[in-house]
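*Asks:* Contents of protein.cif (mmCIF, C-alpha atoms and all ligand atoms) are below:
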```cif
data_structure
loop_
_atom_site.label_atom_id
_atom_site.label_comp_id
_atom_site.auth_asym_id
_atom_site.auth_seq_id
_atom_site.Cartn_x
_atom_site.Cartn_y
_atom_site.Cartn_z
CA MET A 187 181.57 54.90 182.35
CA ASN A 188 178.19 56.57 182.87
CA ILE A 189 178.27 59.14 185.63
CA LEU A 190 175.44 60.95 187.43
CA LEU A 191 176.25 64.10 189.42
CA LEU A 192 173.71 65.35 191.98
CA GLY A 193 173.39 69.08 192.74
CA SER A 194 173.00 72.49 191.13
CA GLY A 195 175.49 74.92 192.65
CA GLY A 196 178.88 76.40 191.78
CA ARG A 197 180.54 73.42 193.45
CA GLU A 198 178.68 71.07 191.12
CA HIS A 199 179.57 73.14 188.04
CA ALA A 200 183.26 72.93 188.99
CA LEU A 201 182.92 69.17 189.58
CA ALA A 202 181.04 68.80 186.27
CA TRP A 203 183.76 70.72 184.42
CA THR A 204 186.34 68.33 185.89
CA VAL A 205 184.39 65.08 185.47
CA ALA A 206 183.50 65.99 181.86
CA SER A 207 187.22 66.19 181.01
CA SER A 208 188.00 62.71 182.38
CA THR A 209 189.03 60.03 179.92
CA LEU A 210 186.82 57.60 181.89
CA THR A 211 183.61 59.56 181.36
CA ASP A 212 181.24 58.33 178.64
CA ARG A 213 177.70 59.50 179.30
CA PHE A 214 177.52 62.32 181.87
CA ILE A 215 174.27 63.47 183.45
CA CYS A 216 173.57 66.02 186.18
CA ALA A 217 170.42 66.35 188.28
CA PRO A 218 169.11 68.99 188.44
CA GLY A 219 172.08 71.11 187.23
CA ASN A 220 172.02 74.74 186.10
CA ALA A 221 172.61 76.76 182.92
CA GLY A 222 176.42 76.41 183.15
CA ILE A 223 176.39 72.69 183.99
CA ALA A 224 174.19 72.17 180.91
CA ARG A 225 177.30 72.87 178.81
CA GLU A 226 179.18 69.98 180.46
CA ALA A 227 176.44 67.42 181.09
CA GLU A 228 172.90 66.41 180.15
CA CYS A 229 170.74 68.02 182.83
CA VAL A 230 167.66 66.15 184.05
CA ALA A 231 164.87 67.37 186.32
CA LEU A 232 165.17 64.64 188.96
CA ASP A 233 164.19 65.32 192.59
CA ILE A 234 167.38 64.34 194.42
CA ALA A 235 165.53 64.18 197.75
CA ASP A 236 163.51 61.28 196.29
CA HIS A 237 166.01 58.44 196.68
CA ALA A 238 163.76 55.84 195.06
CA ALA A 239 163.48 58.04 191.97
CA VAL A 240 167.28 58.47 191.86
CA VAL A 241 167.81 54.69 192.17
CA ALA A 242 165.27 54.01 189.40
CA PHE A 243 166.91 56.62 187.16
CA CYS A 244 170.35 55.05 187.71
CA LYS A 245 169.03 51.61 186.82
CA SER A 246 167.27 52.69 183.66
CA ASN A 247 170.25 54.77 182.51
CA LYS A 248 172.94 52.21 183.48
CA ILE A 249 174.76 54.65 185.75
CA ASP A 250 178.13 53.28 186.96
CA LEU A 251 178.99 56.05 189.43
CA VAL A 252 176.94 58.66 191.31
CA VAL A 253 178.76 61.72 192.65
CA VAL A 254 176.81 63.49 195.42
CA GLY A 255 177.46 67.24 195.74
CA PRO A 256 175.39 68.62 198.66
CA GLU A 257 175.11 67.43 202.27
CA ALA A 258 171.34 66.96 202.59
CA PRO A 259 171.10 63.75 200.51
CA LEU A 260 174.22 62.34 202.23
CA VAL A 261 172.80 62.94 205.70
CA ALA A 262 169.51 61.43 204.47
CA GLY A 263 171.37 58.25 203.43
CA ILE A 264 171.38 58.39 199.63
CA VAL A 265 174.71 56.56 199.42
CA ASP A 266 173.26 53.67 201.48
CA ASP A 267 170.13 53.54 199.31
CA LEU A 268 172.21 53.48 196.11
CA ALA A 269 174.56 50.85 197.56
CA ALA A 270 171.60 48.67 198.52
CA ALA A 271 170.58 48.75 194.85
CA GLY A 272 174.12 47.83 193.75
CA ILE A 273 175.03 51.32 192.52
CA LYS A 274 178.44 52.81 193.33
CA ALA A 275 178.19 56.28 194.88
CA PHE A 276 180.91 58.70 195.96
CA GLY A 277 180.34 60.05 199.47
CA PRO A 278 179.80 58.85 203.04
CA SER A 279 177.08 56.54 204.34
CA LYS A 280 174.33 58.05 206.47
CA SER A 281 176.06 56.91 209.63
CA ALA A 282 179.43 58.43 208.55
CA ALA A 283 177.70 61.67 207.44
CA ARG A 284 176.81 62.25 211.12
CA LEU A 285 180.16 64.09 211.19
CA GLU A 286 178.28 66.89 209.39
CA GLY A 287 174.70 66.07 210.36
CA SER A 288 175.21 66.28 214.13
CA LYS A 289 177.60 68.75 215.73
CA GLY A 290 177.14 67.00 219.10
CA PHE A 291 178.22 63.67 217.56
CA THR A 292 181.41 65.27 216.21
CA LYS A 293 182.18 67.08 219.46
CA ASP A 294 181.83 63.84 221.45
CA LEU A 295 184.06 62.04 218.93
CA CYS A 296 186.69 64.78 219.39
CA ARG A 297 186.49 64.55 223.17
CA ALA A 298 186.81 60.75 223.17
CA ASN A 299 189.81 60.83 220.82
CA ASN A 300 191.70 63.90 222.05
CA ILE A 301 191.09 65.77 218.79
CA PRO A 302 191.73 69.50 219.33
CA THR A 303 188.47 71.48 219.23
CA ALA A 304 186.68 74.19 221.23
CA ALA A 305 185.60 73.21 224.78
CA TYR A 306 181.83 72.55 224.79
CA GLU A 307 178.71 71.07 226.33
CA ARG A 308 175.57 69.60 224.69
CA PHE A 309 172.04 70.56 225.80
CA THR A 310 168.50 69.32 225.18
CA SER A 311 166.71 72.15 227.02
CA ALA A 312 167.14 75.90 227.43
CA GLU A 313 167.70 76.46 231.16
CA PRO A 314 170.85 74.33 231.61
CA ALA A 315 172.28 75.82 228.38
CA LYS A 316 171.71 79.36 229.68
CA ALA A 317 173.25 78.47 233.04
CA TYR A 318 176.35 77.14 231.24
CA VAL A 319 176.59 80.32 229.15
CA ARG A 320 176.40 82.43 232.32
CA LYS A 321 179.10 80.34 233.96
CA GLN A 322 181.44 80.48 230.94
CA GLY A 323 180.83 84.16 230.12
CA MET A 324 181.44 85.97 226.81
CA PRO A 325 182.56 85.47 224.11
CA ILE A 326 180.78 82.17 223.42
CA VAL A 327 179.31 80.30 220.45
CA ILE A 328 175.78 78.80 220.26
CA LYS A 329 175.18 76.06 217.66
CA ALA A 330 172.15 74.09 216.58
CA ASP A 331 173.04 70.40 216.50
CA GLY A 332 171.63 69.56 213.06
CA LEU A 333 171.78 70.88 209.49
CA ALA A 334 170.53 74.47 209.37
CA ALA A 335 171.63 75.69 205.93
CA GLY A 336 174.37 77.91 207.36
CA LYS A 337 172.08 79.60 209.93
CA GLY A 338 172.83 77.32 212.85
CA VAL A 339 175.84 79.13 214.36
CA ILE A 340 175.35 82.25 216.47
CA ILE A 341 178.17 84.28 218.00
CA PRO A 342 176.23 86.55 220.37
CA GLU A 343 177.32 90.09 221.28
CA GLY A 344 176.25 89.65 224.90
CA LEU A 345 174.41 87.51 227.43
CA THR A 346 170.94 88.69 226.37
CA GLU A 347 171.57 87.79 222.74
CA ALA A 348 173.04 84.43 223.81
CA GLU A 349 169.94 83.61 225.85
CA SER A 350 167.56 84.61 223.07
CA ALA A 351 169.55 82.49 220.57
CA ILE A 352 169.12 79.49 222.89
CA ASP A 353 165.38 80.19 223.22
CA MET A 354 165.01 80.63 219.46
CA MET A 355 166.62 77.22 218.82
CA PHE A 356 164.63 75.33 221.46
CA GLU A 357 161.41 77.06 220.36
CA GLY A 358 161.89 75.53 216.90
CA GLY A 359 163.26 78.59 215.06
CA LEU A 360 165.57 76.29 213.07
CA GLY A 361 163.20 73.32 212.96
CA ALA A 362 164.46 69.93 214.14
CA ALA A 363 168.09 71.11 213.76
CA GLY A 364 167.74 73.11 217.00
CA SER A 365 166.16 70.44 219.22
CA GLU A 366 169.65 69.92 220.60
CA VAL A 367 172.17 72.75 221.11
CA VAL A 368 175.94 72.82 221.51
CA VAL A 369 177.49 75.70 223.46
CA GLU A 370 181.21 76.09 222.87
CA GLU A 371 184.29 78.15 223.52
CA PHE A 372 185.05 81.01 221.10
CA LEU A 373 188.28 80.24 219.23
CA VAL A 374 190.71 82.96 218.15
CA GLY A 375 192.90 82.60 215.05
CA GLU A 376 192.78 82.41 211.27
CA GLU A 377 190.28 80.09 209.57
CA ALA A 378 191.16 77.63 206.82
CA SER A 379 189.28 74.96 204.87
CA PHE A 380 191.11 71.64 204.72
CA PHE A 381 190.04 68.74 202.52
CA ALA A 382 190.99 65.07 202.65
CA LEU A 383 189.87 62.33 200.29
CA CYS A 384 189.01 59.21 202.30
CA ASP A 385 188.26 55.56 201.56
CA GLY A 386 187.26 54.35 205.02
CA GLU A 387 190.85 53.54 205.97
CA THR A 388 193.21 55.95 204.23
CA ALA A 389 192.96 59.73 203.99
CA ILE A 390 194.96 61.75 201.50
CA PRO A 391 195.13 65.53 201.86
CA LEU A 392 193.78 67.60 198.98
CA ALA A 393 194.73 71.25 198.55
CA SER A 394 193.81 73.85 201.20
CA ALA A 395 191.67 76.94 200.68
CA GLN A 396 190.30 79.95 202.46
CA ASP A 397 186.66 80.99 202.28
CA HIS A 398 185.10 84.45 202.87
CA LYS A 399 181.91 83.83 204.80
CA ARG A 400 180.75 87.39 205.55
CA VAL A 401 178.76 89.22 202.93
CA GLY A 402 180.69 92.50 203.02
CA ASP A 403 184.19 93.78 202.25
CA GLY A 404 186.56 93.65 205.22
CA ASP A 405 184.70 90.55 206.51
CA THR A 406 181.68 92.54 207.70
CA GLY A 407 177.94 91.86 207.74
CA PRO A 408 176.03 88.59 208.08
CA ASN A 409 177.38 85.13 207.31
CA THR A 410 176.67 83.62 203.88
CA GLY A 411 177.33 80.30 202.18
CA GLY A 412 180.67 81.84 201.07
CA MET A 413 181.42 84.93 198.95
CA GLY A 414 184.73 83.81 197.49
CA ALA A 415 187.73 81.58 198.05
CA TYR A 416 191.31 81.02 197.06
CA SER A 417 193.80 78.18 197.15
CA PRO A 418 196.35 77.43 198.49
CA ALA A 419 195.80 78.99 201.94
CA PRO A 420 199.21 80.30 203.06
CA VAL A 421 198.32 79.66 206.71
CA MET A 422 198.33 75.92 205.86
CA THR A 423 202.09 75.49 205.86
CA PRO A 424 203.46 71.94 205.38
CA GLU A 425 203.84 71.74 209.18
CA MET A 426 200.22 72.83 209.77
CA THR A 427 199.01 70.33 207.14
CA ALA A 428 200.96 67.51 208.80
CA ARG A 429 199.57 68.46 212.24
CA THR A 430 196.01 68.60 210.83
CA MET A 431 196.40 65.13 209.34
CA ASN A 432 198.00 63.62 212.46
CA GLU A 433 195.96 65.35 215.16
CA ILE A 434 192.54 65.68 213.48
CA ILE A 435 191.91 63.73 210.25
CA VAL A 436 193.69 60.43 210.97
CA PRO A 437 192.24 60.01 214.51
CA THR A 438 188.77 60.78 213.10
CA MET A 439 189.15 58.11 210.41
CA ARG A 440 190.35 55.61 212.99
CA ALA A 441 187.48 56.37 215.37
CA MET A 442 184.84 56.17 212.62
CA LYS A 443 186.16 52.80 211.48
CA ALA A 444 186.26 51.51 215.06
CA MET A 445 182.58 52.37 215.59
CA GLY A 446 181.58 50.58 212.39
CA SER A 447 181.02 53.77 210.34
CA PRO A 448 184.13 54.02 208.15
CA PHE A 449 184.28 57.40 206.43
CA LYS A 450 184.42 57.47 202.62
CA GLY A 451 184.24 60.60 200.52
CA VAL A 452 185.59 64.09 201.12
CA LEU A 453 186.18 65.06 204.72
CA PHE A 454 186.15 68.86 204.85
CA ALA A 455 187.55 70.22 208.11
CA GLY A 456 186.74 73.82 208.95
CA LEU A 457 189.81 74.76 210.98
CA MET A 458 190.84 77.57 213.26
CA ILE A 459 194.61 77.94 213.21
CA THR A 460 195.20 79.10 216.78
CA LYS A 461 198.42 79.95 218.57
CA ASP A 462 198.41 76.33 219.82
CA GLY A 463 197.95 74.88 216.32
CA PRO A 464 194.95 73.66 214.29
CA LYS A 465 191.61 73.17 216.05
CA LEU A 466 188.50 71.68 214.46
CA ILE A 467 185.56 74.11 214.19
CA GLU A 468 183.35 71.68 212.32
CA TYR A 469 183.30 68.89 209.78
CA ASN A 470 181.48 68.84 206.47
CA THR A 471 181.25 65.52 204.69
CA ARG A 472 181.37 66.81 201.11
CA PHE A 473 183.25 69.24 198.90
CA GLY A 474 183.08 72.94 199.93
CA ASP A 475 181.30 75.64 198.00
CA PRO A 476 183.03 77.90 196.82
CA GLU A 477 186.29 76.10 197.76
CA THR A 478 185.77 73.35 195.14
CA GLN A 479 185.76 75.95 192.38
CA VAL A 480 189.38 76.83 193.20
CA LEU A 481 190.44 73.28 194.03
CA MET A 482 189.28 71.97 190.64
CA LEU A 483 191.21 74.75 188.84
CA ARG A 484 194.38 73.55 190.56
CA LEU A 485 193.86 69.79 190.11
CA MET A 486 196.20 68.30 187.50
CA SER A 487 195.25 64.60 187.94
CA ASP A 488 192.08 63.01 186.63
CA LEU A 489 189.45 63.28 189.39
CA VAL A 490 187.29 60.30 188.39
CA PRO A 491 189.81 57.52 189.24
CA ALA A 492 190.29 59.22 192.63
CA LEU A 493 186.54 59.18 193.31
CA ILE A 494 186.38 55.49 192.34
CA ALA A 495 189.38 54.68 194.55
CA SER A 496 187.56 56.36 197.45
CA CYS A 497 184.45 54.22 196.86
CA ASP A 498 186.50 51.03 196.48
CA GLY A 499 188.87 51.50 199.43
CA GLN A 500 191.88 51.80 197.12
CA LEU A 501 193.46 55.13 198.12
CA LYS A 502 196.43 53.55 199.86
CA ASN A 503 198.83 53.93 196.95
CA PHE A 504 197.02 56.76 195.26
CA ASP A 505 198.58 60.09 194.43
CA LEU A 506 196.98 63.32 193.25
CA ARG A 507 198.95 66.05 191.53
CA TRP A 508 198.21 69.78 191.70
CA TYR A 509 199.34 72.76 189.63
CA PRO A 510 201.57 75.06 191.69
CA ASP A 511 199.49 78.04 190.48
CA ALA A 512 197.10 79.83 192.79
CA ALA A 513 193.38 80.00 192.07
CA LEU A 514 190.75 82.45 193.29
CA THR A 515 187.00 82.73 192.86
CA VAL A 516 184.73 85.71 193.35
CA VAL A 517 181.07 84.90 194.04
CA MET A 518 178.51 87.17 192.37
CA ALA A 519 175.22 87.16 194.26
CA ALA A 520 171.78 88.69 193.74
CA LYS A 521 171.37 91.99 195.61
CA GLY A 522 169.74 91.30 198.97
CA TYR A 523 171.50 87.96 199.53
CA PRO A 524 171.83 86.41 202.16
CA GLY A 525 168.40 87.97 202.86
CA ASP A 526 165.58 88.25 200.32
CA TYR A 527 166.50 88.65 196.66
CA ARG A 528 164.78 88.64 193.29
CA ARG A 529 165.07 85.99 190.60
CA GLY A 530 164.84 86.45 186.85
CA SER A 531 167.22 89.37 186.12
CA VAL A 532 169.26 89.01 182.92
CA ILE A 533 173.06 88.55 183.02
CA GLU A 534 175.17 89.66 180.04
CA GLY A 535 178.85 89.76 179.17
CA LEU A 536 179.66 86.22 180.31
CA ASP A 537 181.38 85.24 177.05
CA ALA A 538 183.69 88.28 177.08
CA ALA A 539 184.49 87.66 180.76
CA GLY A 540 185.30 84.02 180.08
CA GLU A 541 187.84 84.93 177.40
CA ILE A 542 190.24 86.59 179.84
CA GLU A 543 193.40 84.54 180.33
CA GLY A 544 193.15 81.97 183.12
CA VAL A 545 189.45 82.67 183.79
CA GLU A 546 186.71 80.05 184.19
CA ILE A 547 183.14 80.95 185.06
CA PHE A 548 181.20 78.47 187.16
CA HIS A 549 177.47 78.97 187.42
CA ALA A 550 175.48 78.54 190.64
CA GLY A 551 171.90 79.87 190.62
CA THR A 552 171.44 80.45 186.89
CA LYS A 553 168.79 79.43 184.41
CA ALA A 554 168.76 79.52 180.60
CA ASP A 555 165.87 81.45 179.12
CA GLY A 556 166.25 80.94 175.37
CA GLU A 557 169.62 82.50 174.54
CA LYS A 558 169.61 84.52 177.77
CA ILE A 559 171.09 83.60 181.14
CA THR A 560 169.00 84.72 184.11
CA ALA A 561 169.59 84.77 187.86
CA ASN A 562 167.82 81.97 189.69
CA GLY A 563 169.26 81.97 193.22
CA GLY A 564 171.17 83.88 195.91
CA ARG A 565 174.70 82.94 194.91
CA VAL A 566 174.56 83.10 191.11
CA LEU A 567 178.05 83.05 189.55
CA ASN A 568 181.61 82.16 190.45
CA VAL A 569 184.15 84.13 188.49
CA ALA A 570 187.30 82.08 188.97
CA ALA A 571 190.86 82.46 187.72
CA ARG A 572 194.27 80.86 187.93
CA GLY A 573 197.48 82.87 188.26
CA LYS A 574 201.13 82.59 189.28
CA SER A 575 200.17 84.21 192.59
CA VAL A 576 196.92 84.90 194.44
CA ARG A 577 197.40 88.53 193.46
CA GLU A 578 197.52 87.64 189.73
CA ALA A 579 194.52 85.32 190.02
CA GLN A 580 192.67 88.07 191.88
CA ALA A 581 193.44 90.68 189.20
CA ARG A 582 192.21 88.33 186.44
CA ALA A 583 189.03 87.40 188.30
CA TYR A 584 188.08 91.05 188.94
CA GLN A 585 188.91 91.96 185.32
CA ALA A 586 186.36 89.31 184.31
CA VAL A 587 183.83 90.49 186.94
CA ASP A 588 184.03 93.98 185.43
CA LYS A 589 183.01 92.60 182.00
CA ILE A 590 179.82 91.08 183.39
CA LYS A 591 176.75 93.27 182.96
CA TRP A 592 174.36 92.45 185.76
CA PRO A 593 173.11 95.53 187.65
CA GLU A 594 170.99 93.37 189.98
CA GLY A 595 174.09 91.53 191.23
CA PHE A 596 176.97 92.36 193.58
CA CYS A 597 180.24 90.86 194.81
CA ARG A 598 182.93 91.52 197.40
CA ARG A 599 185.92 93.44 196.01
CA ASP A 600 188.49 92.09 198.47
CA ILE A 601 188.51 88.30 197.95
CA GLY A 602 191.99 86.99 198.72
CA TRP A 603 193.05 89.93 200.90
CA GLN A 604 194.80 87.79 203.51
CA ALA A 605 196.99 86.03 200.93
CA VAL A 606 197.67 89.18 198.90
CA LYS A 607 198.79 90.96 202.08
CA ARG A 608 201.20 88.08 202.78
CA GLU A 609 202.50 88.08 199.19
CA LYS A 610 203.28 91.76 199.56
CA GLY A 611 205.20 90.88 202.71
CA GLY A 612 202.54 92.68 204.81
P1 LIG A 701 179.60 77.14 210.39
O1 LIG A 701 178.24 77.63 209.92
O2 LIG A 701 179.52 76.01 211.34
O3 LIG A 701 180.56 77.01 209.24
O4 LIG A 701 180.19 78.32 211.27
C1 LIG A 701 180.16 79.59 210.78
C2 LIG A 701 181.31 80.38 211.26
O5 LIG A 701 181.18 80.64 212.64
C3 LIG A 701 182.67 79.71 211.14
O6 LIG A 701 183.20 79.78 209.87
C4 LIG A 701 183.46 80.54 212.12
O7 LIG A 701 183.81 81.78 211.53
C5 LIG A 701 182.47 80.81 213.21
N1 LIG A 701 182.65 79.89 214.32
C6 LIG A 701 182.05 78.70 214.52
N2 LIG A 701 182.47 78.14 215.67
C7 LIG A 701 183.37 78.98 216.22
C8 LIG A 701 184.17 78.96 217.40
N3 LIG A 701 184.10 77.97 218.29
N4 LIG A 701 184.97 80.03 217.62
C9 LIG A 701 185.04 81.05 216.76
N5 LIG A 701 184.31 81.13 215.64
C10 LIG A 701 183.48 80.11 215.35
N1 LIG A 702 182.30 77.11 202.04
C1 LIG A 702 181.77 76.46 203.16
C2 LIG A 702 180.92 75.31 202.88
O1 LIG A 702 180.92 74.74 201.80
O2 LIG A 702 180.21 74.90 203.78
#
```
Let me see the structure of the file written as structure tokens.
*Replies:*
Amino acid sequence: MNILLLGSGGREHALAWTVASSTLTDRFICAPGNAGIAREAECVALDIADHAAVVAFCKSNKIDLVVVGPEAPLVAGIVDDLAAAGIKAFGPSKSAARLEGSKGFTKDLCRANNIPTAAYERFTSAEPAKAYVRKQGMPIVIKADGLAAGKGVIIPEGLTEAESAIDMMFEGGLGAAGSEVVVEEFLVGEEASFFALCDGETAIPLASAQDHKRVGDGDTGPNTGGMGAYSPAPVMTPEMTARTMNEIIVPTMRAMKAMGSPFKGVLFAGLMITKDGPKLIEYNTRFGDPETQVLMLRLMSDLVPALIASCDGQLKNFDLRWYPDAALTVVMAAKGYPGDYRRGSVIEGLDAAGEIEGVEIFHAGTKADGEKITANGGRVLNVAARGKSVREAQARAYQAVDKIKWPEGFCRRDIGWQAVKREKGG
């Protein structure tokens, strides 16, 4: 079949690498793609925010399946627009993507269905939000309701910072995303990323992973899109996975179906594993980045039939198999990220790095300039590896990182520390 993948990050390169290896894939196109994806797919300069242009492209290229990587087109309803034109697309409808597009929507769904999550209130103006913060006291979490490209969550140090975060959001500092604000309880525990493949009715758990959101070693500094990940996450024991399915994912699927918005696609639950069990921090309605890079390294089954089964409501008797190996990815970013950074610096040594046993390099913000690969974004490369243990995968990934010559880039040196500590019995 002819497949179109939308997106240009490390997640999309990992998906492209997987889709390209499927026996079902004939022609494979990615829009807009990056320098690494160009080795797996034909890359086309299509504006994925322009749904009419995407629909027209699919028609003229006889696309059988569209796989949507990022959240923005999902929340904007690209799956509905493709469906209206008779084109099959993997991912949720606009109304089901509210699980990511509106934090208030998800919190209310949790409250109505007894899904464990942080206690909260929703606000549409600053004064009542501040009064609630004063009543609850510190620590507390302030969230913009809508999509804010990872900048919408503030964990203030004190009351003054909390109040100025509320003012910033209502004064339009995050655009329309902050016109409504959720204030919620601060949860204590260990975070994990949990993924389930859904077809509107059935949800099947994928592998678990752990992300490293802070920019600096030892989980310090500002939040980023994610500086590295590994899978499986040891905190997601079989018992914790079963509880997450029964207490969070299954009730969400049931509630979405009951309100006429059945959820299809990947449901990505950001979890806090607390002393009372798993609690939902937030939902994303797509694959994670960089979690997908490690998930795809561990996936043994063909992904494409699973994506089609999700679209067609056929996951009931579906099974996905995973390699028992661990996988880990280190993100290399341009110096300055998540703040300002420069584009255009040259990256060398990628071929030598890619030859190390078990290593796969997934590009994010890269661009081909003749024979050269240049940096073209904040997160630029994912140096990923498989191994018998997280520790082995980690050693291989950093061996590859050390072969890459890119003075304008940096990475964390401690990706996987929580799992490695456990493996050592620490
Ligand atoms: P998000 O941008 O929604 O992924 O949130 C960013 C990060 O903020 C999460 O990964 C958590 O580390 C943290 N966070 C969000 N909500 C809470 C909460 N209620 N309690 C503790 N930490 C939180
Ligand atoms: N790694 C977190 C995300 O994809 O949002």
*Asks:* Once you count all atoms listed in the file, which residues end up within 6 Å of ligand LIG 702 (chain A), and could you hand them over as a list in words?
*Replies:*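 Result of the 6 Å neighbour search around ligand LIG 702 (chain A): Asp397, Gly411, Gly412, Gly474, Asp475, Pro476 and Glu477 of chain A.
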*Asks:* Identify which of the residues A:Cys229, A:Ala428, A:Ala455, A:Ile467 lies closest to Tyr306 (chain A), counting only C-alpha atoms when measuring atom-to-atom distances.
*Replies:* A:Ile467
*Asks:* Skipping near chain neighbours, those fewer than 6 positions away, what residues fall within 10 Å of Leu493 (chain A) using only C-alpha atoms, listed as a list in words?
*Replies:*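 Counting only C-alpha atoms, the residues come to Leu251, Val252, Val253, Ala275, Phe276, Gly277, Leu383, Cys384, Asp385, Lys450, Gly451, Val452, Gln500 and Leu501 of chain A.
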*Asks:* Which residues form the shell of 7 Å around ligand LIG 701 (chain A) when you count only C-alpha atoms and all ligand atoms, given as a list in words?
*Replies:*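 Counting only what the definition allows, namely only C-alpha atoms and all ligand atoms, the set is Ala304, Val327, Gly336, Lys337, Gly338, Val339, Glu370, Glu371, Phe372, Leu373, Val374, Glu377, Lys399, Gly456, Ile467 and Glu468 of chain A.
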*Asks:* My list of candidates is A:Ala315, A:Val261, A:Ala539, A:Val368. Which is closest to Glu349 (chain A) when distances are computed with only C-alpha atoms?
*Replies:* A:Ala315
*Asks:* With distances taken over all atoms listed in the file, which residue among A:Trp603, A:Phe356, A:Phe214, A:Tyr416 lies nearest Asn188 (chain A)?
*Replies:*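 Among the listed residues, the smallest separation from Asn188 (chain A) belongs to A:Phe214.
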*Asks:* Do you have the CA of Leu360 (chain A)-CA of Pro524 (chain A) distance handy?
*Replies:* 16.1 Å
*Asks:* Can you pull out the residues contacting region 279-296 of chain A? Cut-off 10 Å, using only C-alpha atoms, and skip same-chain residues under 5 positions away; I want them as a CSV table (one decimal) with C-alpha atoms, keeping the file's coordinate frame.
*Replies:*
```
chain,number,residue,atom,x,y,z
A,257,GLU,CA,175.1,67.4,202.3
A,258,ALA,CA,171.3,67.0,202.6
A,259,PRO,CA,171.1,63.8,200.5
A,260,LEU,CA,174.2,62.3,202.2
A,261,VAL,CA,172.8,62.9,205.7
A,262,ALA,CA,169.5,61.4,204.5
A,263,GLY,CA,171.4,58.2,203.4
A,264,ILE,CA,171.4,58.4,199.6
A,265,VAL,CA,174.7,56.6,199.4
A,266,ASP,CA,173.3,53.7,201.5
A,267,ASP,CA,170.1,53.5,199.3
A,269,ALA,CA,174.6,50.8,197.6
A,301,ILE,CA,191.1,65.8,218.8
A,302,PRO,CA,191.7,69.5,219.3
A,303,THR,CA,188.5,71.5,219.2
A,304,ALA,CA,186.7,74.2,221.2
A,305,ALA,CA,185.6,73.2,224.8
A,306,TYR,CA,181.8,72.6,224.8
A,307,GLU,CA,178.7,71.1,226.3
A,308,ARG,CA,175.6,69.6,224.7
A,309,PHE,CA,172.0,70.6,225.8
A,329,LYS,CA,175.2,76.1,217.7
A,330,ALA,CA,172.2,74.1,216.6
A,331,ASP,CA,173.0,70.4,216.5
A,332,GLY,CA,171.6,69.6,213.1
A,333,LEU,CA,171.8,70.9,209.5
A,334,ALA,CA,170.5,74.5,209.4
A,363,ALA,CA,168.1,71.1,213.8
A,366,GLU,CA,169.6,69.9,220.6
A,367,VAL,CA,172.2,72.8,221.1
A,368,VAL,CA,175.9,72.8,221.5
A,369,VAL,CA,177.5,75.7,223.5
A,370,GLU,CA,181.2,76.1,222.9
A,386,GLY,CA,187.3,54.4,205.0
A,434,ILE,CA,192.5,65.7,213.5
A,437,PRO,CA,192.2,60.0,214.5
A,438,THR,CA,188.8,60.8,213.1
A,439,MET,CA,189.2,58.1,210.4
A,441,ALA,CA,187.5,56.4,215.4
A,442,MET,CA,184.8,56.2,212.6
A,443,LYS,CA,186.2,52.8,211.5
A,445,MET,CA,182.6,52.4,215.6
A,446,GLY,CA,181.6,50.6,212.4
A,447,SER,CA,181.0,53.8,210.3
A,448,PRO,CA,184.1,54.0,208.2
A,449,PHE,CA,184.3,57.4,206.4
A,450,LYS,CA,184.4,57.5,202.6
A,451,GLY,CA,184.2,60.6,200.5
A,453,LEU,CA,186.2,65.1,204.7
A,454,PHE,CA,186.2,68.9,204.8
A,455,ALA,CA,187.6,70.2,208.1
A,466,LEU,CA,188.5,71.7,214.5
A,467,ILE,CA,185.6,74.1,214.2
A,468,GLU,CA,183.4,71.7,212.3
A,469,TYR,CA,183.3,68.9,209.8
A,470,ASN,CA,181.5,68.8,206.5
A,471,THR,CA,181.2,65.5,204.7
A,472,ARG,CA,181.4,66.8,201.1
```
*Asks:* Could you check how far CA of Ile273 (chain A) sits from CA of His549 (chain A), in Å to one decimal?
*Replies:*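 Between these atoms lies a distance of 28.2 Å.
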*Asks:* Between A:Ala200, A:Ala561, A:Leu191, A:Ile494, which residue has the minimum interatomic distance to Ile547 (chain A), considering all atoms listed in the file?
*Replies:*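 Result for the nearest residue to Ile547 (chain A): A:Ala200.
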*Asks:* My list of candidates is A:Lys553, A:Leu201, A:Gln322, A:Ala581. Which is closest to Leu481 (chain A) when distances are computed with all atoms listed in the file?
*Replies:*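 Of the candidates, the smallest distance to Leu481 (chain A) is held by A:Leu201.
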*Asks:* Find the distance between CA of Ala382 (chain A) and CA of Ala271 (chain A) and write it in Å to one decimal.
*Replies:*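 CA of Ala271 (chain A) lies 27.3 Å from CA of Ala382 (chain A).
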